[in-house]
$ cat work10.txt   # compact mmCIF, C-alpha atoms
# COMPACT_ATOMS: atom_id res chain seq x y z
CA MET H 1 33.36 -86.19 72.11
CA GLN H 2 29.74 -84.98 72.21
CA ILE H 3 27.00 -87.47 71.35
CA ASN H 4 23.80 -86.19 69.89
CA LYS H 5 20.82 -86.51 72.25
CA HIS H 6 18.54 -87.83 69.52
CA PHE H 7 21.08 -90.49 68.59
CA ILE H 8 21.07 -91.78 72.20
CA ILE H 9 17.28 -92.10 72.23
CA VAL H 10 17.31 -93.98 68.93
CA LEU H 11 20.03 -96.28 70.26
CA VAL H 12 18.01 -97.10 73.38
CA LEU H 13 14.85 -97.77 71.39
CA CYS H 14 16.79 -100.03 69.03
CA ARG H 15 17.86 -102.12 72.03
CA PHE H 16 14.20 -102.41 73.02
CA GLY H 17 13.43 -103.83 69.59
CA GLN H 18 15.82 -106.72 70.22
CA ASN H 19 13.42 -108.29 72.76
CA ASP H 20 16.40 -108.74 75.07
CA ALA H 21 15.44 -109.39 78.68
CA PHE H 22 18.53 -107.46 79.77
CA THR H 23 17.76 -104.15 78.08
CA PHE H 24 18.97 -101.08 79.95
CA ILE H 25 19.71 -97.40 79.47
CA PRO H 26 23.47 -96.68 79.45
CA THR H 27 24.51 -94.75 82.57
CA GLY H 28 26.44 -92.08 80.69
CA SER H 29 23.46 -91.14 78.55
CA GLN H 30 20.91 -90.67 81.35
CA SER H 31 22.01 -87.11 82.07
CA THR H 32 21.07 -86.02 78.54
CA LEU H 33 17.46 -87.21 78.98
CA SER H 34 14.77 -85.41 80.92
CA THR H 35 13.20 -87.05 83.97
CA SER H 36 9.87 -87.56 82.19
CA THR H 37 11.62 -89.13 79.20
CA ARG H 38 13.57 -91.53 81.40
CA LYS H 39 10.38 -92.59 83.20
CA SER H 40 8.58 -93.08 79.91
CA LEU H 41 11.41 -95.19 78.49
CA ALA H 42 11.66 -97.21 81.68
CA LEU H 43 7.93 -97.90 81.58
CA GLU H 44 8.11 -99.00 77.94
CA MET H 45 11.13 -101.20 78.64
CA SER H 46 9.41 -102.91 81.57
CA GLY H 47 6.31 -103.41 79.45
CA LYS H 48 8.29 -105.27 76.80
CA ASP H 49 10.02 -107.44 79.38
CA ASN H 50 6.72 -108.19 81.13
CA HIS H 51 5.10 -109.11 77.84
CA ARG H 52 7.91 -111.52 77.09
CA ALA H 53 7.56 -113.09 80.54
CA ARG H 54 3.84 -113.56 79.94
CA VAL H 55 4.37 -115.10 76.49
CA GLU H 56 6.98 -117.52 77.85
CA LYS H 57 4.61 -118.60 80.60
CA ASN H 58 1.75 -119.16 78.13
CA LEU H 59 4.00 -121.16 75.80
CA GLU H 60 5.11 -123.30 78.71
CA ASP H 61 1.46 -124.04 79.49
CA MET H 62 0.62 -124.84 75.86
CA MET H 63 3.56 -127.22 75.52
CA ASP H 64 2.82 -128.99 78.83
CA ARG H 65 6.34 -128.35 80.07
CA ASP H 66 5.43 -128.80 83.73
CA TRP H 67 7.83 -131.49 84.91
CA ARG H 68 5.72 -131.91 88.05
CA LEU H 69 2.76 -132.99 85.92
CA PHE H 70 4.98 -135.57 84.21
CA ARG H 71 6.00 -136.89 87.63
CA ALA H 72 2.35 -136.96 88.72
CA LYS H 73 1.54 -139.16 85.72
CA LEU H 74 4.36 -141.54 86.69
CA VAL H 75 3.07 -141.72 90.26
CA ALA H 76 -0.46 -142.39 89.04
CA GLN H 77 0.84 -145.05 86.66
CA GLU H 78 2.74 -146.79 89.47
CA ALA H 79 -0.38 -146.83 91.63
CA HIS H 80 -2.41 -148.20 88.74
CA ASP H 81 0.16 -150.93 88.02
CA ALA H 82 0.30 -151.89 91.70
CA GLN H 83 -3.46 -152.30 91.75
CA LEU H 84 -3.38 -154.41 88.57
CA ASN H 85 -0.65 -156.65 90.00
CA ALA H 86 -2.65 -157.16 93.17
CA GLU H 87 -5.72 -158.12 91.14
CA ARG H 88 -3.68 -160.49 88.95
CA ASN H 89 -2.14 -162.18 91.98
CA GLN H 90 -5.57 -162.65 93.45
CA LYS H 91 -6.80 -164.08 90.16
CA ARG H 92 -3.87 -166.53 90.02
CA VAL H 93 -4.71 -167.84 93.46
CA SER H 94 -8.29 -168.29 92.36
CA ASP H 95 -7.24 -170.07 89.14
CA ILE H 96 -4.96 -172.46 90.99
CA SER H 97 -7.74 -173.37 93.35
CA ASN H 98 -9.91 -174.25 90.36
CA ASP H 99 -7.19 -176.67 89.19
CA HIS H 100 -7.94 -176.14 85.49
CA ASP H 101 -5.83 -177.57 82.68
CA GLU H 102 -3.38 -174.77 81.76
CA LYS H 103 -1.88 -176.70 78.87
CA GLN H 104 -5.23 -177.10 77.19
CA ALA H 105 -6.04 -173.42 77.81
CA LYS H 106 -2.82 -172.28 76.09
CA GLN H 107 -3.52 -174.42 73.06
CA GLU H 108 -6.97 -172.88 72.75
CA LYS H 109 -5.48 -169.37 73.02
CA PHE H 110 -3.01 -170.08 70.21
CA GLY H 111 -5.86 -171.24 68.03
CA ASN H 112 -7.88 -168.14 68.83
CA ILE H 113 -4.95 -165.87 67.95
CA PHE H 114 -4.49 -167.29 64.43
CA ALA H 115 -8.19 -167.60 63.74
CA ALA H 116 -9.01 -164.10 64.92
CA PHE H 117 -5.98 -162.55 63.21
CA PHE H 118 -6.74 -163.95 59.73
CA HIS H 119 -10.44 -163.29 60.14
CA HIS H 120 -9.64 -159.67 61.05
CA LYS H 121 -7.36 -159.19 58.02
CA GLY H 122 -9.89 -160.68 55.65
CA ASN H 123 -12.52 -158.12 56.52
CA ASP H 124 -10.24 -155.05 56.29
CA ASP H 125 -11.04 -154.13 52.68
CA ALA H 126 -14.75 -154.68 53.10
CA SER H 127 -15.22 -152.67 56.29
CA ILE H 128 -12.68 -149.85 55.96
CA PHE H 129 -15.14 -147.49 54.28
CA ASN H 130 -17.55 -147.81 57.20
CA GLY H 131 -15.36 -145.30 59.00
CA ASP H 132 -14.62 -147.54 61.96
CA ASN H 133 -11.19 -147.01 63.56
CA ILE H 134 -10.15 -144.51 60.88
CA GLY H 135 -7.41 -142.23 62.21
CA THR H 136 -6.84 -144.29 65.38
CA PRO H 137 -4.02 -146.74 66.22
CA GLU H 138 -5.03 -150.29 65.37
CA SER H 139 -4.10 -153.15 67.67
CA MET H 140 -2.10 -156.02 66.15
CA ILE H 141 -3.95 -158.40 68.50
CA PRO H 142 -7.75 -158.28 68.03
CA ASP H 143 -10.03 -157.71 71.00
CA MET H 144 -11.61 -161.17 70.71
CA CYS H 145 -8.43 -163.08 71.51
CA GLU H 146 -6.04 -163.27 74.44
CA ASP H 147 -2.26 -163.61 74.20
CA PRO H 148 -1.01 -166.31 76.61
CA PHE H 149 2.34 -164.59 77.14
CA VAL H 150 1.47 -160.91 77.45
CA SER H 151 -1.69 -159.07 78.32
CA LYS H 152 -3.18 -156.59 75.89
CA ASP H 153 -2.46 -153.73 78.30
CA GLU H 154 1.26 -154.53 78.07
CA LEU H 155 1.47 -154.20 74.28
CA PRO H 156 3.02 -150.80 73.51
CA VAL H 157 1.70 -150.97 69.96
CA LEU H 158 -1.74 -150.08 71.31
CA PHE H 159 -0.61 -146.57 72.29
CA GLN H 160 -3.37 -146.40 74.88
CA PRO H 161 -2.57 -144.53 78.13
CA LYS H 162 -3.62 -146.47 81.20
CA VAL H 163 -4.02 -143.44 83.46
CA ASN H 164 -5.28 -139.96 82.70
CA VAL H 165 -4.22 -137.08 84.96
CA ASN H 166 -6.31 -133.92 85.06
CA LYS H 167 -3.96 -130.98 84.42
CA HIS H 168 -6.18 -128.71 86.48
CA ARG H 169 -6.63 -131.07 89.41
CA TRP H 170 -3.87 -133.42 90.54
CA ALA H 171 -2.03 -134.04 93.79
CA HIS H 172 0.20 -136.73 95.26
CA SER H 173 2.28 -137.16 98.38
CA LEU H 174 6.04 -136.62 98.49
CA SER H 175 8.66 -138.35 100.59
CA HIS H 176 10.75 -135.19 100.75
CA ILE H 177 10.51 -131.39 100.87
CA GLU H 178 11.24 -129.30 97.79
CA PRO H 179 10.65 -125.66 96.78
CA GLY H 180 7.25 -125.39 95.13
CA CYS H 181 5.70 -128.24 97.08
CA VAL H 182 2.98 -127.71 99.66
CA LEU H 183 2.81 -128.73 103.29
CA ILE H 184 -0.62 -129.97 104.29
CA ALA H 185 -1.18 -129.69 108.02
CA ASN H 186 -1.80 -132.91 109.91
CA GLU H 187 -5.38 -133.11 111.10
CA LYS H 188 -4.15 -133.04 114.71
CA LEU H 189 -2.13 -129.83 114.33
CA GLY H 190 -3.66 -126.89 116.19
CA GLY H 191 -2.97 -123.17 116.51
CA VAL H 192 -2.63 -120.78 113.59
CA PHE H 193 -1.54 -123.65 111.32
CA HIS H 194 -4.69 -125.72 111.90
CA GLN H 195 -5.74 -127.23 108.55
CA THR H 196 -3.46 -124.91 106.59
CA VAL H 197 -1.76 -125.40 103.24
CA VAL H 198 1.74 -123.88 103.14
CA LEU H 199 3.58 -123.24 99.88
CA VAL H 200 7.32 -123.83 100.35
CA ILE H 201 9.27 -120.95 98.80
CA GLU H 202 12.78 -121.93 99.89
CA HIS H 203 14.18 -124.99 101.60
CA SER H 204 17.76 -125.69 102.64
CA ASP H 205 19.39 -127.69 105.39
CA VAL H 206 21.92 -124.89 105.71
CA THR H 207 19.86 -121.68 105.62
CA GLY H 208 16.47 -122.99 106.72
CA SER H 209 13.06 -122.84 105.07
CA THR H 210 10.42 -120.23 104.26
CA GLY H 211 6.83 -120.61 103.16
CA ILE H 212 3.48 -118.86 102.93
CA ILE H 213 0.02 -120.03 103.92
CA ILE H 214 -2.19 -119.94 100.84
CA ASN H 215 -5.60 -120.95 102.21
CA ARG H 216 -6.42 -118.31 104.82
CA PRO H 217 -8.17 -115.56 102.84
CA MET H 218 -8.83 -112.50 105.00
CA GLU H 219 -12.04 -110.47 105.07
CA GLY H 220 -11.80 -107.46 102.80
CA ASN H 221 -9.47 -106.43 99.98
CA LEU H 222 -5.89 -105.16 100.01
CA ASN H 223 -6.87 -101.53 100.40
CA LYS H 224 -9.04 -102.25 103.45
CA ILE H 225 -6.65 -104.63 105.21
CA ALA H 226 -3.48 -102.62 104.57
CA SER H 227 -5.22 -99.45 105.78
CA GLU H 228 -6.60 -100.96 108.98
CA THR H 229 -3.50 -102.89 110.08
CA GLN H 230 0.18 -102.10 110.45
CA SER H 231 1.69 -102.28 106.98
CA ASN H 232 4.88 -101.41 105.12
CA LEU H 233 3.10 -101.69 101.77
CA ASP H 234 3.91 -98.95 99.28
CA LEU H 235 1.01 -96.57 98.65
CA SER H 236 1.23 -96.94 94.86
CA LEU H 237 0.88 -100.72 95.16
CA LYS H 238 -2.07 -100.37 97.50
CA LEU H 239 -3.84 -98.11 95.03
CA ALA H 240 -3.08 -100.23 91.96
CA PHE H 241 -4.08 -103.51 93.65
CA ASN H 242 -6.77 -102.04 95.89
CA SER H 243 -9.28 -104.84 95.13
CA SER H 244 -6.79 -107.73 95.32
CA PRO H 245 -7.46 -110.55 97.81
CA VAL H 246 -5.24 -111.00 100.84
CA THR H 247 -4.28 -114.15 102.73
CA TYR H 248 -2.69 -114.60 106.12
CA GLY H 249 0.75 -115.94 105.24
CA GLY H 250 2.14 -116.78 108.67
CA PRO H 251 3.22 -115.38 112.02
CA VAL H 252 6.56 -113.91 110.86
CA MET H 253 6.81 -110.19 109.88
CA GLN H 254 3.08 -109.62 109.46
CA GLU H 255 3.58 -105.98 108.50
CA GLU H 256 5.31 -107.13 105.30
CA TYR H 257 3.49 -108.25 102.14
CA SER H 258 4.52 -110.56 99.32
CA ILE H 259 2.63 -111.28 96.11
CA LEU H 260 1.68 -114.67 94.65
CA HIS H 261 0.62 -114.87 90.99
CA GLY H 262 0.68 -116.86 87.77
CA TYR H 263 1.34 -113.98 85.37
CA GLY H 264 4.94 -114.78 84.47
CA GLU H 265 8.53 -114.43 85.62
CA VAL H 266 8.70 -110.64 85.48
CA GLU H 267 11.63 -108.67 86.86
CA GLY H 268 11.87 -109.01 90.62
CA SER H 269 9.85 -112.24 90.75
CA LYS H 270 10.89 -115.80 91.52
CA LYS H 271 9.58 -118.91 89.79
CA VAL H 272 8.60 -121.24 92.62
CA ALA H 273 7.08 -123.91 90.38
CA PRO H 274 5.94 -124.08 86.74
CA GLY H 275 3.22 -121.45 86.39
CA VAL H 276 3.66 -120.16 89.96
CA PHE H 277 5.60 -117.00 90.83
CA VAL H 278 6.31 -114.92 93.92
CA GLY H 279 7.33 -111.25 93.86
CA GLY H 280 7.67 -108.69 91.06
CA SER H 281 4.91 -106.43 92.39
CA GLU H 282 6.30 -103.24 90.83
CA GLN H 283 6.32 -104.74 87.33
CA LEU H 284 2.88 -106.25 87.83
CA MET H 285 1.66 -102.81 88.88
CA PHE H 286 2.51 -101.53 85.38
CA GLU H 287 0.53 -104.42 83.87
CA VAL H 288 -2.51 -103.64 86.01
CA ARG H 289 -2.38 -99.95 85.09
CA LYS H 290 -2.27 -100.88 81.39
CA HIS H 291 -5.18 -103.33 81.93
CA TYR H 292 -3.06 -106.30 80.83
CA MET H 293 -3.64 -107.94 84.20
CA SER H 294 -6.57 -107.93 86.59
CA SER H 295 -5.90 -107.13 90.23
CA ASP H 296 -7.78 -110.26 91.35
CA GLN H 297 -5.14 -112.38 89.59
CA ALA H 298 -2.66 -111.47 92.32
CA LEU H 299 -2.85 -112.74 95.90
CA PHE H 300 -1.16 -110.55 98.50
CA VAL H 301 0.29 -112.50 101.40
CA LYS H 302 0.49 -110.84 104.81
CA GLY H 303 3.45 -112.22 106.71
CA HIS H 304 5.13 -115.56 106.13
CA SER H 305 6.31 -118.73 107.86
CA ALA H 306 9.92 -119.65 108.59
CA TRP H 307 11.95 -122.55 109.97
CA VAL H 308 15.57 -122.73 111.13
CA PRO H 309 17.82 -125.35 109.49
CA ASN H 310 16.53 -128.93 109.92
CA GLN H 311 13.43 -127.76 111.85
CA LEU H 312 10.99 -128.36 109.01
CA SER H 313 12.51 -131.75 108.16
CA ARG H 314 12.16 -132.74 111.79
CA GLU H 315 8.49 -131.67 111.83
CA VAL H 316 7.79 -133.68 108.67
CA SER H 317 9.48 -136.77 110.11
CA LYS H 318 7.18 -136.52 113.14
CA GLY H 319 4.09 -136.33 110.94
CA VAL H 320 3.23 -132.69 111.56
CA TRP H 321 3.01 -132.05 107.81
CA TYR H 322 2.08 -134.05 104.73
CA PRO H 323 4.42 -132.88 101.92
CA ALA H 324 2.71 -132.98 98.54
CA SER H 325 3.13 -131.88 94.95
CA VAL H 326 -0.04 -130.31 93.57
CA SER H 327 -1.26 -128.58 90.41
CA SER H 328 -0.64 -124.89 89.84
CA ASP H 329 -4.39 -124.26 89.96
CA PHE H 330 -4.51 -125.63 93.49
CA ILE H 331 -1.68 -123.29 94.54
CA LEU H 332 -3.28 -120.29 92.82
CA ARG H 333 -6.80 -121.04 94.09
CA TYR H 334 -7.06 -117.56 95.63
CA ALA H 335 -4.98 -115.86 92.92
CA GLY H 336 -7.48 -116.10 90.08
CA ALA H 337 -7.08 -119.76 89.09
CA PRO H 338 -10.15 -121.39 87.48
CA VAL H 339 -12.44 -123.49 89.67
CA SER H 340 -14.27 -126.51 88.26
CA ASP H 341 -17.36 -128.39 89.40
CA ASP H 342 -15.13 -131.08 90.90
CA ASP H 343 -13.40 -128.58 93.21
CA ASN H 344 -14.30 -127.66 96.76
CA PRO H 345 -13.82 -123.88 96.45
CA SER H 346 -14.26 -123.16 100.16
CA ASP H 347 -11.83 -125.72 101.62
CA LEU H 348 -8.46 -126.08 99.90
CA TRP H 349 -7.05 -128.26 102.70
CA ALA H 350 -9.78 -130.87 102.26
CA ASP H 351 -9.82 -130.48 98.47
CA ILE H 352 -6.14 -131.42 98.08
CA LEU H 353 -6.38 -134.32 100.52
CA THR H 354 -9.43 -135.63 98.64
CA CYS H 355 -7.57 -135.41 95.33
CA MET H 356 -4.65 -137.37 96.81
CA GLY H 357 -7.02 -140.24 97.54
CA GLY H 358 -6.56 -143.25 99.82
CA LYS H 359 -5.95 -142.52 103.49
CA PHE H 360 -5.72 -138.79 102.79
CA GLN H 361 -9.22 -138.76 101.37
CA GLU H 362 -10.50 -140.43 104.53
CA VAL H 363 -8.79 -137.75 106.64
CA ALA H 364 -10.55 -135.04 104.63
CA LYS H 365 -13.94 -136.70 105.07
CA GLN H 366 -13.52 -137.09 108.80
CA TYR H 367 -11.95 -133.76 109.79
CA SER H 368 -12.97 -131.08 107.25
CA LYS H 369 -15.52 -128.76 108.86
CA LYS H 370 -14.56 -125.10 109.12
CA GLY H 371 -13.28 -124.39 105.62
CA ASP H 372 -10.67 -121.80 104.60
CA ARG H 373 -12.33 -118.64 105.88
CA ARG H 374 -12.00 -118.38 109.64
CA MET H 375 -10.98 -115.98 112.37
CA MET H 376 -7.27 -115.18 112.15
CA PRO H 377 -4.98 -113.71 114.86
$ encode --input "work10.txt" --output "structure tokens"
Amino acid sequence: MQINKHFIIVLVLCRFGQNDAFTFIPTGSQSTLSTSTRKSLALEMSGKDNHRARVEKNLEDMMDRDWRLFRAKLVAQEAHDAQLNAERNQKRVSDISNDHDEKQAKQEKFGNIFAAFFHHKGNDDASIFNGDNIGTPESMIPDMCEDPFVSKDELPVLFQPKVNVNKHRWAHSLSHIEPGCVLIANEKLGGVFHQTVVLVIEHSDVTGSTGIIINRPMEGNLNKIASETQSNLDLSLKLAFNSSPVTYGGPVMQEEYSILHGYGEVEGSKKVAPGVFVGGSEQLMFEVRKHYMSSDQALFVKGHSAWVPNQLSREVSKGVWYPASVSSDFILRYAGAPVSDDDNPSDLWADILTCMGGKFQEVAKQYSKKGDRRMMP
């Protein structure tokens, strides 16, 4: 049975309108379409899929659906609580040494609670129109009193967060390796990995690990570097992303290029971490040509790093690397991520260590000198 050519085109376009990520042109109908028509439809189809990927990424950002950020808040809260406990223990030792009358102190606290509570309630009607505390959670225990059984910070009714984590700038150490984490080189590590930050793309005890260095920007843009060195980069990609930055990714297969970006999970890309993607260069090329994406929002990575099974875990156990979870803006520092006044834009290695605080901050102060831009092999 013959199928009308126009009916096939309408059918394909109707599938596009469904916003289905798995839209395709039926194999049997391709022969009835001209080459130019097939290319045009393929371009339109990819554009719709890419748009959806971008929208999903933006929605994820708006809804704060980065589970790593949630974990970072828990880590910061634990550190804060540990510090509070240490201060309280120190205060208890000091109080015991003073040998004060605890029984008398508790009786005074009970009196303060009732006195302050009724005094607070009595002034509600008179002071409410002053505008104070309107639209904010009100504590059941007034500021002027102290509960003998529980501190004010421990009352959930206050709804006050103890620790604030900057979404743009956060980092904490990890006790394990996971895809999407970074490996911060130990200050004593030399060679091509000296003071590098490696983004872990894959990690498995069976198949090994792969990663890319993200803080070794090379001199010149993609067009210049790919033209002057051995490269397997497609000419169309080189022309579309001619002004994109390039980083040295590692000593393995340096003639090959990968692409790091935060655009969205387009076809051919892999989501390494929330807001961070690797691959999908052909689809991103369409976005650049349509001016939906700027070429400086993509970081091309020349070569990569690789470890055989258990090699990376062994190196971490010996202290060669500091595994850490960091914000997407840290990872995409050279892929168009915003830079704030608090950042050190020329030294990502030291910037992340400083953000981690404690002993890591001291390492950054003592050893950071050269910065990210340096002579590469």
$ closest_residue --input "work10.txt" --among "H:Asn344, H:Gln230, H:Thr354, H:Asn50" --to "Glu255 of chain H" --atoms "all atoms listed in the file"
H:Gln230
$ residues_around --input "work10.txt" --residues "His172 of chain H" --least-positions-apart "2" --cutoff "8 Å" --atoms "all atoms listed in the file" --output "list of chain:residue names"
H:Ala72, H:Val75, H:Trp170, H:Leu174, H:Ala324, H:Ser325, H:Val326, H:Cys355, H:Met356
$ axis_aligned_box --input "work10.txt" --around "segment 225-228 of chain H" --padding-each-side "5 Å" --output "lines of an AutoDock Vina configuration file"
center_x = -5.1
center_y = -102.0
center_z = 106.8
size_x = 13.2
size_y = 15.2
size_z = 14.4
$ residues_around --input "work10.txt" --residues "Leu222 of chain H" --least-positions-apart "4" --cutoff "8 Å" --atoms "only C-alpha atoms" --output "PDB file with C-alpha atoms, in the coordinates of the input"
ATOM      1  CA  ALA H 226      -3.480-102.620 104.570  1.00  0.00           C
ATOM      2  CA  LYS H 238      -2.070-100.370  97.500  1.00  0.00           C
ATOM      3  CA  PHE H 241      -4.080-103.510  93.650  1.00  0.00           C
ATOM      4  CA  ASN H 242      -6.770-102.040  95.890  1.00  0.00           C
ATOM      5  CA  SER H 243      -9.280-104.840  95.130  1.00  0.00           C
ATOM      6  CA  SER H 244      -6.790-107.730  95.320  1.00  0.00           C
ATOM      7  CA  PRO H 245      -7.460-110.550  97.810  1.00  0.00           C
ATOM      8  CA  VAL H 246      -5.240-111.000 100.840  1.00  0.00           C
ATOM      9  CA  PHE H 300      -1.160-110.550  98.500  1.00  0.00           C
TER      10      PHE H 300
END
$ atom_distance --input "work10.txt" --atom1 "atom CA of Leu235 of chain H" --atom2 "atom CA of Val192 of chain H"
28.7 Å
$ closest_residue --input "work10.txt" --among "H:Glu187, H:Asp234, H:Glu282, H:Glu362" --to "Glu256 of chain H" --atoms "all atoms listed in the file"
H:Asp234
$ atom_distance --input "work10.txt" --atom1 "atom CA of Lys370 of chain H" --atom2 "atom CA of Ile352 of chain H"
15.3 Å
$ closest_residue --input "work10.txt" --among "H:Val288, H:Leu260, H:Val308, H:Leu348" --to "Thr196 of chain H" --atoms "all atoms listed in the file"
H:Leu348
$ residues_around --input "work10.txt" --residues "segment 65-67 of chain H" --least-positions-apart "6" --cutoff "9 Å" --atoms "all atoms listed in the file" --output "number ranges by chain"
H: 59, 273-275
$ residues_around --input "work10.txt" --residues "Pro345 of chain H" --least-positions-apart "5" --cutoff "8 Å" --atoms "all atoms listed in the file" --output "number ranges by chain"
H: 333, 339, 351
$ write_last_selection --input "work10.txt" --atoms "C-alpha atoms" --output "mmCIF file, in the coordinates of the input"
data_model
loop_
_atom_site.group_PDB
_atom_site.id
_atom_site.type_symbol
_atom_site.label_atom_id
_atom_site.label_comp_id
_atom_site.auth_asym_id
_atom_site.auth_seq_id
_atom_site.Cartn_x
_atom_site.Cartn_y
_atom_site.Cartn_z
ATOM 1 C CA ARG H 333 -6.800 -121.040 94.090
ATOM 2 C CA VAL H 339 -12.440 -123.490 89.670
ATOM 3 C CA ASP H 351 -9.820 -130.480 98.470
#
$ closest_residue --input "work10.txt" --among "H:Gly262, H:Gly280, H:Pro323, H:Gln83" --to "Ser294 of chain H" --atoms "only C-alpha atoms"
H:Gly262
$ build_atoms --input "work10.txt" --residues "segment 175-188 of chain H" --atoms "N, CA, C and O atoms" --output "CSV table (one decimal), in the frame of the given file"
chain,number,residue,atom,x,y,z
H,175,SER,N,7.9,-137.8,99.5
H,175,SER,CA,8.7,-138.4,100.6
H,175,SER,C,9.7,-137.4,101.1
H,175,SER,O,10.5,-137.6,102.0
H,176,HIS,N,9.7,-136.2,100.4
H,176,HIS,CA,10.8,-135.2,100.8
H,176,HIS,C,10.1,-133.8,100.6
H,176,HIS,O,9.0,-133.6,100.1
H,177,ILE,N,10.9,-132.8,101.0
H,177,ILE,CA,10.5,-131.4,100.9
H,177,ILE,C,11.3,-130.8,99.7
H,177,ILE,O,12.5,-131.0,99.6
H,178,GLU,N,10.6,-130.0,98.9
H,178,GLU,CA,11.2,-129.3,97.8
H,178,GLU,C,10.6,-127.9,97.6
H,178,GLU,O,9.4,-127.8,97.9
H,179,PRO,N,11.3,-126.9,97.1
H,179,PRO,CA,10.6,-125.7,96.8
H,179,PRO,C,9.5,-125.9,95.8
H,179,PRO,O,9.7,-126.6,94.8
H,180,GLY,N,8.4,-125.2,96.0
H,180,GLY,CA,7.2,-125.4,95.1
H,180,GLY,C,6.3,-126.5,95.6
H,180,GLY,O,5.2,-126.5,95.0
H,181,CYS,N,6.6,-127.3,96.6
H,181,CYS,CA,5.7,-128.2,97.1
H,181,CYS,C,4.8,-127.6,98.1
H,181,CYS,O,5.1,-126.4,98.5
H,182,VAL,N,3.8,-128.2,98.6
H,182,VAL,CA,3.0,-127.7,99.7
H,182,VAL,C,3.1,-128.6,100.9
H,182,VAL,O,3.3,-129.8,100.8
H,183,LEU,N,2.9,-128.0,102.0
H,183,LEU,CA,2.8,-128.7,103.3
H,183,LEU,C,1.4,-128.7,103.8
H,183,LEU,O,0.8,-127.6,104.0
H,184,ILE,N,0.8,-129.9,103.9
H,184,ILE,CA,-0.6,-130.0,104.3
H,184,ILE,C,-0.6,-130.3,105.8
H,184,ILE,O,0.0,-131.4,106.2
H,185,ALA,N,-1.2,-129.5,106.6
H,185,ALA,CA,-1.2,-129.7,108.0
H,185,ALA,C,-1.8,-131.0,108.4
H,185,ALA,O,-2.9,-131.3,107.9
H,186,ASN,N,-1.2,-131.7,109.3
H,186,ASN,CA,-1.8,-132.9,109.9
H,186,ASN,C,-3.1,-132.5,110.6
H,186,ASN,O,-3.2,-131.4,111.2
H,187,GLU,N,-4.1,-133.4,110.5
H,187,GLU,CA,-5.4,-133.1,111.1
H,187,GLU,C,-5.3,-132.8,112.6
H,187,GLU,O,-6.3,-132.2,113.1
H,188,LYS,N,-4.3,-133.3,113.3
H,188,LYS,CA,-4.2,-133.0,114.7
H,188,LYS,C,-3.4,-131.7,115.1
H,188,LYS,O,-3.4,-131.4,116.2
